[in-house]
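Structure, as structure tokens:
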Amino acid sequence: MKRISLISTGGTIASRWQGTGYAADAGGDTVLASAAVPDGMEVKVVDLFNINSSQMTSEHQLALLRAVREELADPGVDGIVVTHGTDTLEESAFLVDLYHDDPRPVVFTGAQKPLGATDGDGPGNMYDALQVAASVRDLGVLVAFDGKVHAARGTVKTQTLAANAFGNPSQPEALGRLGFGRVDIRRTAERPAPLPPPVGRIPRVDIVMHHSDADPTLFDAAVEAGAQGIVLVATGAGNATPAFTDAVRAAVRRGVLVAVTTRVPAGPLAEIYTGGGAVDLVAAGAVLTGTLRAGQARIAVLATLLAGSGADTGLLRRLVAAPEQATEKTTSTDEKAAA
Ligand code: ASP
């Protein structure tokens with residue numbers, strides 16, 4: 001008998017009509033009851049909170065991290081499933097992944113259609129996530145959604161409404177596939193060494209986006225608002241303007257940790273251009289975030305600051321380092337083997 005802990009946090013998978021719109025309101029037991037449970041599995045439900053994930057805060061995410069660790073403290077638990085709204089799932093999953101130091105998996109899932117929808121995707125995603133949680137080892141934190149398994153790192157929400165909601169645009173081949181009672185893991189993803197538990201107060205970390213006409217007014221406002229970290233969403237491979245370069249330099253001198261990502265969906269950041277490009281932003285003290293996009297780049301900045309050594313650019317560089325090209329690995333687990 002496999003033992004899985006299901007941590008319920010809300011999202012569309014737990015959402016019902018409220019008269020004017022949908023909102024999360026069903027507890028984990030109700031969400032679980034909407035799905036079939038794979039044979040040979042016992043599921044314990046932990047109702048952590050019940051929110052739509054656009055309301056997620058760092059406080060919620062650190063509570064989720066603690067809840068995951070509490071469940072994994074029981075050696076009889078084989079794996080964890082987290083149900084989560086899809087809007088910020090990539091942020092929470094990546095945060096848990098940065099600290100995850102256990103061979104047992106943490107598998108995030110959710111739905112694009114609400115609880116009880118006749119054509120809903122929640123029950124299938126739940127079944128798949130439970131099966132992955134009972135089957136795999138040493139893959140870190142995963143996202144099981146629409147018949148695919150993704151590594152937390154690099155995965156983003158790529159569709160607002162379609163069932164095929166997640167992917168890594170820089171690495172389009174998913175980690176694995178699900179279907180007909182099988183979990184086929186095709187490769188592993190590189191992860192940095194797990195962080196020690198977070199310390200200190202939650203810092204303010206803001207995201208500011210560059211665009212035609214942009215000046216650093218909002219970037220400077222973030223510094224004035226007390227941001228200890230800022231993610232600049234640059235254009236192209238990490239480019240902005242000379243005025244942004246000056247603003248980044250001034251912020252770094254004040255002890256702010258500055259990361260640069262891009263608004264382009266796929267590909268790495270690169271030091272190519274001067275004149276306010278990534279060459280100058282790096283010279284001003286910013287860190288390029290590899291292939292991480294804004295939400296996860298912000299989580300990397302947050303986790304760096306929560307490591308307790310301030311604006312540690314070396315640590316941030318380690319957390320954002322682009323994973324090595326996928327290593328081939330083929331593991332196939334059928335439902336019976338999982339049981
Ligand atoms: N707005 C919802 C949320 O993130 C979307 C979803 O769960 O799919 O909670």
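Identifiers for the structure tokens are assigned positionally: chains receive A, B, ... in sequence, residues are indexed from 1 per chain, and ligands are indexed from 1 in the order shown.
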
Identify all residues of stretch 27-177 of chain A in strand (DSSP E or B) (DSSP on the backbone) and supply them as an mmCIF file with C-alpha atoms, in the first residue's frame.
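The result, stored in part00.cif:
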data_model
loop_
_atom_site.group_PDB
_atom_site.id
_atom_site.type_symbol
_atom_site.label_atom_id
_atom_site.label_comp_id
_atom_site.auth_asym_id
_atom_site.auth_seq_id
_atom_site.Cartn_x
_atom_site.Cartn_y
_atom_site.Cartn_z
ATOM 1 C CA MET A 41 -3.028 3.843 -2.481
ATOM 2 C CA GLU A 42 -4.004 5.476 0.783
ATOM 3 C CA VAL A 43 -4.345 9.271 0.655
ATOM 4 C CA LYS A 44 -4.168 11.563 3.688
ATOM 5 C CA VAL A 45 -5.616 15.030 3.090
ATOM 6 C CA VAL A 46 -4.037 18.141 4.612
ATOM 7 C CA ASP A 47 -6.227 21.240 4.166
ATOM 8 C CA LEU A 48 -3.624 23.982 4.271
ATOM 9 C CA PHE A 49 -5.542 26.902 2.806
ATOM 10 C CA ASN A 50 -8.220 27.529 0.237
ATOM 11 C CA ILE A 51 -7.403 30.417 -2.074
ATOM 12 C CA GLY A 79 5.146 11.069 -1.873
ATOM 13 C CA ILE A 80 3.253 14.351 -1.770
ATOM 14 C CA VAL A 81 0.634 15.850 -4.072
ATOM 15 C CA VAL A 82 -0.093 19.582 -3.840
ATOM 16 C CA THR A 83 -3.279 20.909 -5.422
ATOM 17 C CA VAL A 106 6.353 16.538 -4.487
ATOM 18 C CA VAL A 107 3.894 16.695 -7.380
ATOM 19 C CA PHE A 108 1.895 19.861 -8.041
ATOM 20 C CA THR A 109 -1.328 19.724 -9.976
ATOM 21 C CA VAL A 141 9.438 18.864 -7.406
ATOM 22 C CA LEU A 142 7.245 18.102 -10.403
ATOM 23 C CA VAL A 143 4.135 19.385 -12.138
ATOM 24 C CA ALA A 144 1.696 16.738 -13.422
ATOM 25 C CA PHE A 145 -0.800 18.314 -15.800
ATOM 26 C CA LYS A 148 2.615 15.374 -18.903
ATOM 27 C CA VAL A 149 5.174 15.540 -16.117
ATOM 28 C CA HIS A 150 7.297 18.692 -15.930
ATOM 29 C CA ALA A 151 10.236 19.635 -13.726
ATOM 30 C CA VAL A 156 5.530 28.235 -16.654
ATOM 31 C CA LYS A 157 1.832 28.584 -17.307
ATOM 32 C CA PHE A 166 2.133 24.151 -18.546
ATOM 33 C CA GLY A 167 5.427 23.791 -20.309
ATOM 34 C CA GLY A 176 7.672 12.505 -18.826
ATOM 35 C CA ARG A 177 4.276 11.452 -20.052
#

Distance table requested - chain A against ligand 1, cut-off 12 Å, only C-alpha atoms and all ligand atoms: one row per qualifying residue with the closest atom pair and its distance in Å to one decimal, ordered by chain and rising residue number, as CSV.
residue,atom,partner,partner_atom_place_in_ligand_line,distance
A:Ser8,CA,ligand 1,9 (O),11.8
A:Thr9,CA,ligand 1,9 (O),9.0
A:Gly10,CA,ligand 1,9 (O),6.6
A:Gly11,CA,ligand 1,9 (O),3.4
A:Thr12,CA,ligand 1,7 (O),3.6
A:Ile13,CA,ligand 1,7 (O),6.1
A:Ala14,CA,ligand 1,7 (O),8.0
A:Ser15,CA,ligand 1,7 (O),7.9
A:Arg16,CA,ligand 1,7 (O),11.3
A:Gly21,CA,ligand 1,1 (N),10.9
A:Tyr22,CA,ligand 1,1 (N),8.7
A:Ala23,CA,ligand 1,9 (O),7.8
A:Ala24,CA,ligand 1,9 (O),7.1
A:Asp25,CA,ligand 1,9 (O),10.8
A:Phe49,CA,ligand 1,9 (O),11.7
A:Asn50,CA,ligand 1,9 (O),9.3
A:Ile51,CA,ligand 1,9 (O),6.6
A:Asn52,CA,ligand 1,9 (O),3.2
A:Ser53,CA,ligand 1,9 (O),3.8
A:Ser54,CA,ligand 1,4 (O),5.4
A:Gln55,CA,ligand 1,9 (O),7.8
A:Met56,CA,ligand 1,9 (O),8.7
A:Thr83,CA,ligand 1,7 (O),8.9
A:His84,CA,ligand 1,7 (O),6.3
A:Gly85,CA,ligand 1,7 (O),3.0
A:Thr86,CA,ligand 1,8 (O),4.0
A:Asp87,CA,ligand 1,4 (O),3.6
A:Thr88,CA,ligand 1,4 (O),6.0
A:Leu89,CA,ligand 1,4 (O),7.2
A:Glu90,CA,ligand 1,4 (O),10.3
A:Glu91,CA,ligand 1,4 (O),11.2
A:Ser92,CA,ligand 1,4 (O),11.3
A:Phe108,CA,ligand 1,7 (O),11.6
A:Thr109,CA,ligand 1,7 (O),9.3
A:Gly110,CA,ligand 1,7 (O),6.1
A:Ala111,CA,ligand 1,8 (O),5.1
A:Gln112,CA,ligand 1,8 (O),4.5
A:Lys113,CA,ligand 1,8 (O),7.0
A:Pro114,CA,ligand 1,8 (O),8.0
A:Leu115,CA,ligand 1,7 (O),10.4
A:Gly120,CA,ligand 1,8 (O),11.5
A:Asp121,CA,ligand 1,8 (O),10.3
A:Gly122,CA,ligand 1,8 (O),9.6
A:Asn125,CA,ligand 1,8 (O),11.9
A:Phe145,CA,ligand 1,8 (O),11.1
A:Lys157,CA,ligand 1,8 (O),9.5
A:Thr158,CA,ligand 1,8 (O),11.8
A:Gln159,CA,ligand 1,8 (O),10.1
A:Thr160,CA,ligand 1,8 (O),8.2
A:Leu161,CA,ligand 1,8 (O),7.9
A:Ala162,CA,ligand 1,8 (O),9.9
A:Ala163,CA,ligand 1,8 (O),9.4
A:Asn164,CA,ligand 1,8 (O),11.3
A:Ala165,CA,ligand 1,8 (O),8.7
A:Phe166,CA,ligand 1,8 (O),10.8

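You will find atom CA of A:Val136 at 25.7 Å from atom CA of A:Arg318.
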
Counting only C-alpha atoms, what is within 10 Å of A:Gly236, bar same-chain residues fewer than 5 positions away, as an NGL selection string?
:A and (261-265 or 267-270 or 277-278)

Taking N, CA, C and O atoms for each residue, export the selection above as an mmCIF file, in the first residue's frame.
data_model
loop_
_atom_site.group_PDB
_atom_site.id
_atom_site.type_symbol
_atom_site.label_atom_id
_atom_site.label_comp_id
_atom_site.auth_asym_id
_atom_site.auth_seq_id
_atom_site.Cartn_x
_atom_site.Cartn_y
_atom_site.Cartn_z
ATOM 1 N N THR A 261 15.641 39.209 -16.122
ATOM 2 C CA THR A 261 15.083 38.166 -16.971
ATOM 3 C C THR A 261 14.568 38.847 -18.240
ATOM 4 O O THR A 261 14.905 40.000 -18.512
ATOM 5 N N THR A 262 13.804 38.156 -19.023
ATOM 6 C CA THR A 262 13.339 38.722 -20.296
ATOM 7 C C THR A 262 11.852 38.463 -20.503
ATOM 8 O O THR A 262 11.308 37.499 -19.968
ATOM 9 N N ARG A 263 11.245 39.318 -21.290
ATOM 10 C CA ARG A 263 9.826 39.120 -21.638
ATOM 11 C C ARG A 263 9.655 38.172 -22.820
ATOM 12 O O ARG A 263 8.540 37.853 -23.210
ATOM 13 N N VAL A 264 10.760 37.719 -23.411
ATOM 14 C CA VAL A 264 10.691 36.736 -24.502
ATOM 15 C C VAL A 264 10.384 35.362 -23.889
ATOM 16 O O VAL A 264 10.987 34.993 -22.888
ATOM 17 N N PRO A 265 9.471 34.585 -24.457
ATOM 18 C CA PRO A 265 9.093 33.324 -23.799
ATOM 19 C C PRO A 265 10.205 32.281 -23.666
ATOM 20 O O PRO A 265 10.259 31.573 -22.675
ATOM 21 N N GLY A 267 14.441 30.745 -24.371
ATOM 22 C CA GLY A 267 15.853 31.016 -24.635
ATOM 23 C C GLY A 267 16.551 31.653 -23.452
ATOM 24 O O GLY A 267 15.921 32.210 -22.554
ATOM 25 N N PRO A 268 17.900 31.574 -23.451
ATOM 26 C CA PRO A 268 18.674 32.096 -22.321
ATOM 27 C C PRO A 268 18.927 33.605 -22.425
ATOM 28 O O PRO A 268 18.920 34.179 -23.514
ATOM 29 N N LEU A 269 19.189 34.216 -21.280
ATOM 30 C CA LEU A 269 19.713 35.582 -21.248
ATOM 31 C C LEU A 269 21.165 35.520 -21.716
ATOM 32 O O LEU A 269 21.827 34.502 -21.540
ATOM 33 N N ALA A 270 21.651 36.612 -22.307
ATOM 34 C CA ALA A 270 23.034 36.584 -22.810
ATOM 35 C C ALA A 270 23.618 37.989 -22.829
ATOM 36 O O ALA A 270 22.930 38.953 -23.156
ATOM 37 N N GLY A 277 22.364 47.381 -22.607
ATOM 38 C CA GLY A 277 22.098 45.951 -22.776
ATOM 39 C C GLY A 277 22.627 45.136 -21.606
ATOM 40 O O GLY A 277 23.132 45.670 -20.612
ATOM 41 N N ALA A 278 22.533 43.798 -21.756
ATOM 42 C CA ALA A 278 22.903 42.902 -20.651
ATOM 43 C C ALA A 278 24.362 43.073 -20.237
ATOM 44 O O ALA A 278 24.694 42.913 -19.060
#

What is the distance, in Å and to one decimal place, between atom CA of A:Leu218 and atom CA of A:Ala93?
28.1 Å

Best match for closeness to A:Ala240 among A:Thr274, A:Thr57, A:Thr313, A:Thr155, counting only C-alpha atoms:
A:Thr274

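What separates atom CA of A:Gly154 from atom CA of A:Leu95 is a distance of 11.8 Å.
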
Give me the residues of stretch 38-142 of chain A that have any atom at most 7 Å from an atom of stretch 180-199 of chain A; for each, the nearest atom pair and the distance in Å, rounded to one decimal. Use only C-alpha atoms, sort by chain and number, and format it as JSON lines.
{"residue": "A:Leu98", "atom": "CA", "partner": "A:Pro194", "partner_atom": "CA", "distance": 5.6}
{"residue": "A:Tyr99", "atom": "CA", "partner": "A:Pro194", "partner_atom": "CA", "distance": 4.8}
{"residue": "A:His100", "atom": "CA", "partner": "A:Pro194", "partner_atom": "CA", "distance": 5.9}
{"residue": "A:Asp101", "atom": "CA", "partner": "A:Pro194", "partner_atom": "CA", "distance": 5.7}
{"residue": "A:Val132", "atom": "CA", "partner": "A:Val183", "partner_atom": "CA", "distance": 6.6}
{"residue": "A:Leu139", "atom": "CA", "partner": "A:Thr188", "partner_atom": "CA", "distance": 6.4}

File dump, residues just selected, N, CA and C atoms, as a compact mmCIF listing (two decimals), in the first residue's frame:
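Saved as out-v8.txt:
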# COMPACT_ATOMS: atom_id res chain seq x y z
N LEU A 98 13.52 24.45 -4.63
CA LEU A 98 14.83 24.98 -4.23
C LEU A 98 15.28 24.44 -2.87
N TYR A 99 14.29 24.04 -2.03
CA TYR A 99 14.63 23.55 -0.69
C TYR A 99 14.51 22.03 -0.58
N HIS A 100 13.99 21.40 -1.62
CA HIS A 100 13.62 19.98 -1.52
C HIS A 100 14.87 19.09 -1.48
N ASP A 101 15.01 18.34 -0.39
CA ASP A 101 16.23 17.54 -0.20
C ASP A 101 15.89 16.08 0.09
N VAL A 132 2.05 9.62 -10.10
CA VAL A 132 3.45 10.06 -10.18
C VAL A 132 4.05 10.09 -8.77
N LEU A 139 13.58 13.10 -8.49
CA LEU A 139 13.29 14.05 -9.58
C LEU A 139 12.95 15.44 -9.06
